[in-house]
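Worksheet: one structure, shown below.
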Amino acid sequence: MRMLINVPETVVADALRGMAAAHPELTVDVENRVIVRRDAPVAGKVALVSGGGSGHEPLHGGFVGPGMLAAACPGEVFTSPVPDQMVRAAAAVDSGAGVLFVVKNYTGDVLNFDMAAELAEDEGIRIAKVLVDDDVAVTDSLYTAGRRGTGATLFVEKIAGAAAEEGQPLERVEAIARQVNESSRSFGVALSACTTPAKGSPTFDLPPGELELGIGIHGEPGRERRPMMTSGEIADVAVHAVLEDLEPRNPVLVLVNGMGATPLLELYGFNAEVQRVLAARGVAVARTLVGNYVTSLDMAGASVTLCQIDEELLRLWDAPVRTPGLRWGM
Amino acid sequence: MLDADFFRRWMTATAASVDREAERLTALDSPIGDADHGSNLQRGFAAVTATVEKEAPGTPGGVLTLAGRQLISTVGGASGPLYGTLLRRTGKALGDDAEVSEEQLAQALRAGVEAVMALGGAAPGDKTMIDALVPAVDALSDGFGPARAAAEQGARATTPLQARKGRASYLGERSIGHQDPGATSAALLVAGLAEAAGE
């Protein structure tokens, strides 16, 4: 194992100390693992709080700041945070206008946020929740845990965050977040497994010349293994999988997301292929974001997320945002 | 009759076996999960033993509710709320009695397991901790030893199943052929009970 760490036990705390040093515009509570925008609570405004396992950076801590999250709670690597963190975060950012929890659909995240919502409401904080479940690789039925929450988390946090920044009420911010989730679908591909600090070796064995289709963001293998394909062939599979489920009549937001170890040279090339497939299918593209945003440690690979938008969602997407991981307009 | 000391021994014995088996749990979690089950439970049960020693609750119910709360506050993931709820609800069902009978424990544990099933939405056969816990509770009327054997058998029996809950469920048919790490750790918890009883 070659990792730029001290010991596995302190990986998250060490990262938070470094993040604090790099971003004085955030308040980073290393001991309690809560990252808060420095000016919180912002009077009269709804606060977005998200969180999840570490190892997906910049998600979520890197999305804290004006126009996006008010606070984030990082858990252990690939492990959801504990309710105490969310309650502490909610108390730190609530101005009285209420708090929206943005929760990715993974059993651990759902259970811990549910418990946190109960505890925070006991403290008199109004809580709303939105569940992100955009991953079409997982067939949703009564007999599964449902679809995973992956790339659409960024769309939900950015767009609902902009609505909160405008001073829209909790019910409205929640409704917008829900609309974004319902309008979004993702599909991911792994070219290598990732290595968690605790385990120290790849989470699954992927021989050279093969790839995993339909992966999540926790190093779990995908639904299917196939011989290596070209960027264009992968774009065909990924975009078609998304469009099989989402038939957008409006233009879409496109997120071509790197899993952590795939360079921008490859991601931009992959985006060219994604745009080719979308054009061939007659899907109009409003905005495109390319980069490593919802990562899986050092996994190589990429995911494609599409979100069908209307005028209001596009306006909120374009609204200014200032966070370590996403910044424009201010 | 079983007193608070018995329940502290249960927690200590479980913490020790989780510590010993952490690498195995993580290895089981690797092909179908995200390779952290061992380290997460290790962290949680270490915190549990420290807390129940330090705060020394005087009743069986007190030991288990405190242990459950501690797991929720330290483990994270799905294991934290699920194991935390199991112990908390079992503890609450035991009430304030200074000593409880084996029969009371069996009933309380059944209430705890039902709370876990309600929280996680899992049923027997879904390839989860429930597959070890339900047979263990059923066997508890025969004694701690049979409960341990039933839990271990239940954990092994998860191997051919397809996961329908938790992270392994995302793999679909590829989850078949691997023993469930949650059922395996649940068997350790039941084994800790037998160990505390000197069996």
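The way I read the labels, and the way they are meant: chains A, B, ... in the order of the structure tokens, residue 1 as the first residue of every chain, and ligand 1 as the first ligand shown, with later ones counted on from there.
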*Mind checking which residues fall within 8 Å of Gln104 in chain B, counting only C-alpha atoms, ignoring those fewer than 4 positions away in the same chain, and posting them as number ranges by chain?*
B: 94, 100, 108
Selected residues written out with all heavy atoms, as a short mmCIF file (atom, residue, chain, number, x, y, z; two decimals), in the first residue's frame:
data_model
loop_
_atom_site.label_atom_id
_atom_site.label_comp_id
_atom_site.auth_asym_id
_atom_site.auth_seq_id
_atom_site.Cartn_x
_atom_site.Cartn_y
_atom_site.Cartn_z
N LEU B 94 -35.98 -4.72 29.16
CA LEU B 94 -35.61 -5.32 30.45
C LEU B 94 -36.03 -4.45 31.62
O LEU B 94 -36.13 -4.92 32.75
CB LEU B 94 -34.10 -5.57 30.50
CG LEU B 94 -33.58 -6.70 29.61
CD1 LEU B 94 -32.06 -6.75 29.65
CD2 LEU B 94 -34.17 -8.04 30.02
N VAL B 100 -32.44 -10.06 36.10
CA VAL B 100 -33.46 -10.57 35.18
C VAL B 100 -33.24 -12.06 34.96
O VAL B 100 -32.12 -12.56 35.08
CB VAL B 100 -33.44 -9.84 33.81
CG1 VAL B 100 -33.71 -8.36 34.00
CG2 VAL B 100 -32.11 -10.04 33.10
N ALA B 108 -36.85 -10.02 25.87
CA ALA B 108 -36.35 -8.67 25.57
C ALA B 108 -35.55 -8.67 24.27
O ALA B 108 -35.66 -7.76 23.44
CB ALA B 108 -35.50 -8.17 26.73
#
*Report as a ChimeraX atom specification the set of chain A residues whose atoms approach chain B to within 10 Å, with distances computed over only C-alpha atoms.*
/A:9,52-53,75-85,106-112,114-115,137-148,194-205,214-224
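Taking CA of Asp19 in chain B and CA of Gln42 in chain B as the two end points, the separation is 5.6 Å.
Checking B:Ala187, B:Ala4, B:Leu41, B:Ala155 one by one against Ala56 in chain B, counting only C-alpha atoms, you find the shortest gap at B:Ala4.
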_Between CA of Val294 in chain A and CA of Ala22 in chain B, distance in Å (one decimal)_ = 28.6 Å
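Close contacts of Val290 in chain A, defined as residues with an atom at most 12 Å away when counting only C-alpha atoms, with chain neighbours fewer than 6 positions off set aside, comprise Gly151, Leu253, Val254, Leu255, Val256, Asn257, Gly258, Met259, Thr262, Pro263, Leu264, Leu265, Glu266, Leu267, Tyr268, Gly269, Phe270, Asn271, Ala272, Val274, Gln275, Ala302, Ser303, Val304, Thr305 and Leu326 of chain A.
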*Could you give me, as a VMD selection string, the residues within 7 Å of range 9-18 of chain B, counting only C-alpha atoms and dropping anything in the same chain fewer than 6 positions from it?*
chain B and resid 41 to 42 45 to 46 49 188 to 189 192 to 193 195 to 196
Since we have the selection now, will you write its residues out, keeping all heavy atoms, as a PDB file, in the first residue's frame?
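Generated file (result.pdb):
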ATOM      1  N   LEU B  41     -17.014  -1.818  13.756  1.00  0.00           N
ATOM      2  CA  LEU B  41     -17.525  -2.436  14.982  1.00  0.00           C
ATOM      3  C   LEU B  41     -16.474  -2.440  16.085  1.00  0.00           C
ATOM      4  O   LEU B  41     -16.786  -2.290  17.268  1.00  0.00           O
ATOM      5  CB  LEU B  41     -17.971  -3.870  14.706  1.00  0.00           C
ATOM      6  CG  LEU B  41     -19.362  -4.063  14.113  1.00  0.00           C
ATOM      7  CD1 LEU B  41     -19.741  -5.533  14.162  1.00  0.00           C
ATOM      8  CD2 LEU B  41     -20.418  -3.233  14.828  1.00  0.00           C
ATOM      9  N   GLN B  42     -15.219  -2.592  15.676  1.00  0.00           N
ATOM     10  CA  GLN B  42     -14.106  -2.567  16.625  1.00  0.00           C
ATOM     11  C   GLN B  42     -14.104  -1.228  17.373  1.00  0.00           C
ATOM     12  O   GLN B  42     -14.003  -1.176  18.598  1.00  0.00           O
ATOM     13  CB  GLN B  42     -12.815  -2.724  15.831  1.00  0.00           C
ATOM     14  CG  GLN B  42     -11.629  -3.223  16.604  1.00  0.00           C
ATOM     15  CD  GLN B  42     -10.453  -3.468  15.658  1.00  0.00           C
ATOM     16  OE1 GLN B  42     -10.423  -2.978  14.519  1.00  0.00           O
ATOM     17  NE2 GLN B  42      -9.486  -4.224  16.122  1.00  0.00           N
ATOM     18  N   PHE B  45     -17.381  -1.087  19.729  1.00  0.00           N
ATOM     19  CA  PHE B  45     -17.400  -1.906  20.949  1.00  0.00           C
ATOM     20  C   PHE B  45     -16.283  -1.523  21.911  1.00  0.00           C
ATOM     21  O   PHE B  45     -16.422  -1.702  23.129  1.00  0.00           O
ATOM     22  CB  PHE B  45     -17.386  -3.404  20.606  1.00  0.00           C
ATOM     23  CG  PHE B  45     -18.770  -3.935  20.351  1.00  0.00           C
ATOM     24  CD1 PHE B  45     -19.246  -4.104  19.045  1.00  0.00           C
ATOM     25  CD2 PHE B  45     -19.617  -4.230  21.406  1.00  0.00           C
ATOM     26  CE1 PHE B  45     -20.526  -4.570  18.816  1.00  0.00           C
ATOM     27  CE2 PHE B  45     -20.909  -4.701  21.176  1.00  0.00           C
ATOM     28  CZ  PHE B  45     -21.362  -4.864  19.883  1.00  0.00           C
ATOM     29  N   ALA B  46     -15.196  -0.969  21.396  1.00  0.00           N
ATOM     30  CA  ALA B  46     -14.163  -0.451  22.296  1.00  0.00           C
ATOM     31  C   ALA B  46     -14.755   0.697  23.114  1.00  0.00           C
ATOM     32  O   ALA B  46     -14.541   0.795  24.327  1.00  0.00           O
ATOM     33  CB  ALA B  46     -12.950   0.029  21.496  1.00  0.00           C
ATOM     34  N   THR B  49     -17.249  -0.792  25.841  1.00  0.00           N
ATOM     35  CA  THR B  49     -16.656  -1.354  27.065  1.00  0.00           C
ATOM     36  C   THR B  49     -16.106  -0.236  27.945  1.00  0.00           C
ATOM     37  O   THR B  49     -16.257  -0.272  29.164  1.00  0.00           O
ATOM     38  CB  THR B  49     -15.540  -2.376  26.751  1.00  0.00           C
ATOM     39  OG1 THR B  49     -14.656  -1.805  25.787  1.00  0.00           O
ATOM     40  CG2 THR B  49     -16.113  -3.646  26.203  1.00  0.00           C
ATOM     41  N   LEU B 188     -21.140 -13.226  16.543  1.00  0.00           N
ATOM     42  CA  LEU B 188     -20.137 -12.923  17.582  1.00  0.00           C
ATOM     43  C   LEU B 188     -20.818 -12.344  18.828  1.00  0.00           C
ATOM     44  O   LEU B 188     -20.429 -12.635  19.956  1.00  0.00           O
ATOM     45  CB  LEU B 188     -19.102 -11.917  17.063  1.00  0.00           C
ATOM     46  CG  LEU B 188     -18.162 -12.378  15.948  1.00  0.00           C
ATOM     47  CD1 LEU B 188     -17.187 -11.258  15.594  1.00  0.00           C
ATOM     48  CD2 LEU B 188     -17.403 -13.633  16.359  1.00  0.00           C
ATOM     49  N   LEU B 189     -21.835 -11.501  18.594  1.00  0.00           N
ATOM     50  CA  LEU B 189     -22.563 -10.911  19.721  1.00  0.00           C
ATOM     51  C   LEU B 189     -23.249 -12.003  20.544  1.00  0.00           C
ATOM     52  O   LEU B 189     -23.209 -11.990  21.781  1.00  0.00           O
ATOM     53  CB  LEU B 189     -23.600  -9.916  19.197  1.00  0.00           C
ATOM     54  CG  LEU B 189     -24.437  -9.183  20.240  1.00  0.00           C
ATOM     55  CD1 LEU B 189     -23.611  -8.098  20.929  1.00  0.00           C
ATOM     56  CD2 LEU B 189     -25.680  -8.559  19.613  1.00  0.00           C
ATOM     57  N   GLY B 192     -20.787 -13.947  22.496  1.00  0.00           N
ATOM     58  CA  GLY B 192     -20.381 -13.189  23.681  1.00  0.00           C
ATOM     59  C   GLY B 192     -21.314 -13.438  24.844  1.00  0.00           C
ATOM     60  O   GLY B 192     -20.897 -13.498  26.007  1.00  0.00           O
ATOM     61  N   LEU B 193     -22.578 -13.623  24.528  1.00  0.00           N
ATOM     62  CA  LEU B 193     -23.588 -13.919  25.547  1.00  0.00           C
ATOM     63  C   LEU B 193     -23.283 -15.269  26.204  1.00  0.00           C
ATOM     64  O   LEU B 193     -23.285 -15.397  27.436  1.00  0.00           O
ATOM     65  CB  LEU B 193     -24.959 -13.949  24.858  1.00  0.00           C
ATOM     66  CG  LEU B 193     -26.231 -13.927  25.685  1.00  0.00           C
ATOM     67  CD1 LEU B 193     -26.262 -12.750  26.635  1.00  0.00           C
ATOM     68  CD2 LEU B 193     -27.438 -13.875  24.743  1.00  0.00           C
ATOM     69  N   GLU B 195     -20.432 -16.734  26.251  1.00  0.00           N
ATOM     70  CA  GLU B 195     -19.162 -16.607  26.969  1.00  0.00           C
ATOM     71  C   GLU B 195     -19.380 -15.972  28.348  1.00  0.00           C
ATOM     72  O   GLU B 195     -18.786 -16.389  29.344  1.00  0.00           O
ATOM     73  CB  GLU B 195     -18.206 -15.748  26.131  1.00  0.00           C
ATOM     74  CG  GLU B 195     -16.749 -16.102  26.309  1.00  0.00           C
ATOM     75  CD  GLU B 195     -15.874 -15.285  25.371  1.00  0.00           C
ATOM     76  OE1 GLU B 195     -16.116 -15.341  24.139  1.00  0.00           O
ATOM     77  OE2 GLU B 195     -15.010 -14.559  25.865  1.00  0.00           O
ATOM     78  N   ALA B 196     -20.232 -14.938  28.393  1.00  0.00           N
ATOM     79  CA  ALA B 196     -20.518 -14.270  29.670  1.00  0.00           C
ATOM     80  C   ALA B 196     -21.157 -15.239  30.655  1.00  0.00           C
ATOM     81  O   ALA B 196     -20.971 -15.128  31.869  1.00  0.00           O
ATOM     82  CB  ALA B 196     -21.436 -13.075  29.430  1.00  0.00           C
TER      83      ALA B 196
END
*Tell me which protein, DNA and RNA residues are within 9 Å of range 128-140 of chain B, counting only C-alpha atoms, leaving out same-chain ones fewer than 5 positions away, and put them as a ChimeraX atom specification.*
/B:102-103,105-107,109-110,113-114,116-117,122-123,145-158,163-166,180-187,190
_Just to confirm, what's the straight-line distance from CA of Phe7 in chain B to CA of Gly143 in chain B in Å (one decimal)?_
15.9 Å
